[in-house]
Amino acid sequence: MTEKAALSGYPDHADAVPLHGPALDEDPDELYQRLRREHGTVVPVLLDDGVPAWFVIGYRELHHVFGMPHLFGRDSRRWNVWDHVPPDGPLTATFRWQPTVLFTEGAERQRRTGAIGDAMDGVDRTELAMLAEQVSDQLIDGFAGDGRADLVTQYARRIPAQVIARLMGMPEADMDDVVTNVNVVLDATSETYAAYTWLRDRMSTLMAAKREVPGDDIASRLIAHPAGLGDEEADMDLGVMLVVANTPTAGWISNTLRLMLVNDRFSITLQGGRSSVGQAMNEVLWRDPPLRNAPGRWATQECELGGRRIRKGDLLVLGLAAANADPQVQPADESDPGANRAHMSFGHGEYSCPYPAPELGEVIAETAVEVLLDRLPDVDLAVPPDALRWRRSMWMRNLETLPVHFSPTAPRQGSWDLV
């Protein structure tokens with residue numbers, strides 16, 4: 001679909017901004033400021049292949065979208081430009097409707113998220129922290145003697161998937177393949193659909209085994225939940241749970257480590273300075289949330305938002321990071337959000353990240369950061385801060401690499417029993 005074709009019938013997108021390219025990754029704050037000056041709080045944008053959409057960057061407007069699920073729904077089948085979206089492109093991989101909890105609305109969503117939340121809430125928080133610590137220690141043992149490592153590929157991106165998969169009751173032999181496929185699903189590339197298909201098939205195999213022999217795990221609790229999820233519902237929702245929990249949590253870990261390594265306010269407390277970890281994690285959710293843009297909402301009827309006429313079936317891209325940077329809630333000269341947790345990084349309202357997922361993700365991320373700082377107290381960047389590069393992604397705000405060096409240490413002695 002060419003940009004000219006996209007503009008036909010979309011007069012409000014005559015000055016639309018491509019929502020891709022270097023500016024989105026290299027200097028998003030400047031981009032958000034420019035968009036706010038030139039277009040207001042709801043910006044006409046073009047996605048891949050010139051597909052028109054609305055980019056919601058105002059905090060108040062985003063809060064309104066979150067609070068009005070009857071006006072802005074999750075069912076992508078109402079998208080009014082599907083006929084022009086390439087069937088094998090990244091937008092199809094991201095937005096193609098599937099019978100998962102992600103695309104449900106109303107009572108059906110409440111039924112599905114209730115089952116997911118209860119299954120996750122059965123996780124003992126102390127045992128979760130111990131498991132996250134064991135996984136973190138095991139990964140550090142793999143590079144502690146080298147004196148250098150990439151904290152993205154060798155550490156942060158491997159922790160959440162391993163922890164969550166074990167909580168789901170997945171066998172150890174599947175861990176490497178799970179981590180590999182999970183880490184490409186949210187990149188929105190040509191490989192996304194194949195990776196998701198692999199995970200869906202693996203979840204089906206796991207759930208079939210749990211129906212035969214239940215255990216004390218998330219998968220078994222989801223199957224037994226009174227909501228009575230069908231086999232396909234439970235299988236697909238478990239896969240979604242694994243994917244959406246992993247990549248943002250991995251980014252939360254690496255973005256927090258980056259902040260603590262490059263920001264003078266945290267560098268003096270790195271050696272044993274656990275008190276600053278929670279502060280750094282909260283600041284990341286305000287400044288560099290790993291899920292910076294959320295897909296998506298579709299208008300259920302014609303309406304007005306931020307002075308724009310939104311047509312029935314229009315797609316809204318939710319600018320979580322941009323809304324967090326709205327000067328109405330975050331003045332430009334405020335460098336530290338402190339204990340303020342009114343950010344939009346977990347969403348809000350009926351379609352927000354369901355409880356207790358944010359809490360469990362925080363336990364995993366905080367444990368991972370603390371273990372690394374405890375084990376490698378003199379860790380430091382191996383490159384200048386401005387040499388760090390962000391991954392190309394419209395949705396995620398994650399580093400490509402985080403190279404560090406430190407004094408080599410011996411692996412921890414002990415048996416890592418992670419079953």
# chains A, B, ... in the order shown; residues from 1 in each chain; ligands from 1
$ residues_around --residues "A:Ser393" --least-positions-apart "6" --cutoff "12 Å" --atoms "only C-alpha atoms" --output "list in words"
Leu19, His20, Gly21, Pro22, Ala23, Leu24, Asp25, Glu26, Pro28, Leu47, Asp48, Pro90, Val184, Val185, Leu186, Asp187, Ala188, Thr189, Pro290, Leu291, Arg292, Asn293, Ala294, Leu399 and Glu400 of chain A
$ write_last_selection --atoms "N, CA, C and O atoms" --output "mmCIF file, in the first residue's frame"
data_model
loop_
_atom_site.group_PDB
_atom_site.id
_atom_site.type_symbol
_atom_site.label_atom_id
_atom_site.label_comp_id
_atom_site.auth_asym_id
_atom_site.auth_seq_id
_atom_site.Cartn_x
_atom_site.Cartn_y
_atom_site.Cartn_z
ATOM 1 N N LEU A 19 5.478 6.806 11.386
ATOM 2 C CA LEU A 19 5.804 6.381 12.745
ATOM 3 C C LEU A 19 6.852 5.268 12.693
ATOM 4 O O LEU A 19 6.639 4.146 13.164
ATOM 5 N N HIS A 20 7.957 5.582 12.078
ATOM 6 C CA HIS A 20 9.081 4.660 11.996
ATOM 7 C C HIS A 20 10.292 5.465 11.565
ATOM 8 O O HIS A 20 10.174 6.641 11.199
ATOM 9 N N GLY A 21 11.453 4.861 11.635
ATOM 10 C CA GLY A 21 12.668 5.565 11.254
ATOM 11 C C GLY A 21 13.550 5.877 12.437
ATOM 12 O O GLY A 21 13.181 5.650 13.598
ATOM 13 N N PRO A 22 14.740 6.430 12.183
ATOM 14 C CA PRO A 22 15.736 6.649 13.245
ATOM 15 C C PRO A 22 15.256 7.534 14.383
ATOM 16 O O PRO A 22 15.616 7.306 15.531
ATOM 17 N N ALA A 23 14.447 8.565 14.086
ATOM 18 C CA ALA A 23 14.042 9.497 15.149
ATOM 19 C C ALA A 23 13.281 8.797 16.257
ATOM 20 O O ALA A 23 13.401 9.157 17.433
ATOM 21 N N LEU A 24 12.513 7.773 15.910
ATOM 22 C CA LEU A 24 11.717 7.060 16.902
ATOM 23 C C LEU A 24 12.601 6.306 17.877
ATOM 24 O O LEU A 24 12.239 6.128 19.047
ATOM 25 N N ASP A 25 13.765 5.862 17.415
ATOM 26 C CA ASP A 25 14.653 5.062 18.253
ATOM 27 C C ASP A 25 15.770 5.886 18.889
ATOM 28 O O ASP A 25 16.139 5.650 20.036
ATOM 29 N N GLU A 26 16.297 6.855 18.149
ATOM 30 C CA GLU A 26 17.494 7.555 18.623
ATOM 31 C C GLU A 26 17.176 8.746 19.507
ATOM 32 O O GLU A 26 17.927 9.048 20.432
ATOM 33 N N PRO A 28 13.604 9.804 20.843
ATOM 34 C CA PRO A 28 12.139 9.843 20.929
ATOM 35 C C PRO A 28 11.615 11.062 21.668
ATOM 36 O O PRO A 28 10.540 11.575 21.329
ATOM 37 N N LEU A 47 1.826 4.043 9.435
ATOM 38 C CA LEU A 47 2.579 2.876 9.862
ATOM 39 C C LEU A 47 3.283 2.281 8.642
ATOM 40 O O LEU A 47 3.337 2.900 7.577
ATOM 41 N N ASP A 48 3.834 1.086 8.778
ATOM 42 C CA ASP A 48 4.466 0.422 7.646
ATOM 43 C C ASP A 48 3.502 0.358 6.468
ATOM 44 O O ASP A 48 2.287 0.183 6.647
ATOM 45 N N PRO A 90 4.434 -7.066 8.654
ATOM 46 C CA PRO A 90 4.486 -7.017 10.122
ATOM 47 C C PRO A 90 3.192 -6.538 10.765
ATOM 48 O O PRO A 90 2.887 -6.926 11.893
ATOM 49 N N VAL A 184 11.539 -12.866 19.661
ATOM 50 C CA VAL A 184 11.299 -12.285 18.337
ATOM 51 C C VAL A 184 9.830 -11.938 18.117
ATOM 52 O O VAL A 184 9.510 -11.231 17.157
ATOM 53 N N VAL A 185 8.957 -12.407 18.982
ATOM 54 C CA VAL A 185 7.527 -12.239 18.728
ATOM 55 C C VAL A 185 7.121 -10.769 18.727
ATOM 56 O O VAL A 185 6.385 -10.317 17.840
ATOM 57 N N LEU A 186 7.591 -9.987 19.692
ATOM 58 C CA LEU A 186 7.171 -8.596 19.783
ATOM 59 C C LEU A 186 8.029 -7.645 18.961
ATOM 60 O O LEU A 186 7.840 -6.433 19.029
ATOM 61 N N ASP A 187 8.967 -8.172 18.169
ATOM 62 C CA ASP A 187 9.778 -7.297 17.321
ATOM 63 C C ASP A 187 9.016 -6.829 16.094
ATOM 64 O O ASP A 187 9.466 -5.925 15.392
ATOM 65 N N ALA A 188 7.874 -7.462 15.790
ATOM 66 C CA ALA A 188 7.041 -7.078 14.640
ATOM 67 C C ALA A 188 7.839 -7.105 13.341
ATOM 68 O O ALA A 188 7.933 -6.124 12.618
ATOM 69 N N THR A 189 8.437 -8.246 13.042
ATOM 70 C CA THR A 189 9.174 -8.444 11.805
ATOM 71 C C THR A 189 8.528 -9.586 11.031
ATOM 72 O O THR A 189 7.523 -10.159 11.455
ATOM 73 N N PRO A 290 9.868 -0.153 28.617
ATOM 74 C CA PRO A 290 10.211 -1.135 27.575
ATOM 75 C C PRO A 290 9.111 -1.320 26.539
ATOM 76 O O PRO A 290 9.407 -1.568 25.369
ATOM 77 N N LEU A 291 7.841 -1.225 26.944
ATOM 78 C CA LEU A 291 6.743 -1.192 25.978
ATOM 79 C C LEU A 291 6.357 0.268 25.839
ATOM 80 O O LEU A 291 5.595 0.813 26.628
ATOM 81 N N ARG A 292 6.884 0.918 24.808
ATOM 82 C CA ARG A 292 6.675 2.360 24.702
ATOM 83 C C ARG A 292 5.407 2.718 23.951
ATOM 84 O O ARG A 292 4.800 3.749 24.206
ATOM 85 N N ASN A 293 5.014 1.882 22.996
ATOM 86 C CA ASN A 293 3.761 2.076 22.265
ATOM 87 C C ASN A 293 2.975 0.777 22.321
ATOM 88 O O ASN A 293 3.532 -0.295 22.103
ATOM 89 N N ALA A 294 1.689 0.883 22.611
ATOM 90 C CA ALA A 294 0.875 -0.320 22.756
ATOM 91 C C ALA A 294 -0.078 -0.442 21.568
ATOM 92 O O ALA A 294 -0.773 0.504 21.214
ATOM 93 N N LEU A 399 17.405 -2.074 24.435
ATOM 94 C CA LEU A 399 18.756 -1.941 23.905
ATOM 95 C C LEU A 399 19.124 -3.122 23.022
ATOM 96 O O LEU A 399 18.683 -4.247 23.245
ATOM 97 N N GLU A 400 19.969 -2.858 22.006
ATOM 98 C CA GLU A 400 20.534 -3.946 21.218
ATOM 99 C C GLU A 400 21.550 -4.717 22.055
ATOM 100 O O GLU A 400 21.529 -5.953 22.087
#
$ residues_around --residues "A:Asp231" --least-positions-apart "5" --cutoff "10 Å" --atoms "only C-alpha atoms" --output "MDAnalysis selection string"
chainID A and resid 204 207:208 211 223 236:237
$ select_by_dssp --residues "stretch 51-279 of chain A" --states "strand (DSSP E or B)" --output "VMD selection string"
chain A and resid 52 to 56 72 to 73 148 to 150
$ residues_around --residues "A:Ala245" --least-positions-apart "6" --cutoff "12 Å" --atoms "only C-alpha atoms" --output "PyMOL selection string"
chain A and resi 120+157+159-165+182-183+185-186+237-239+251-252+290-291+346+353-354+356-362+364-365
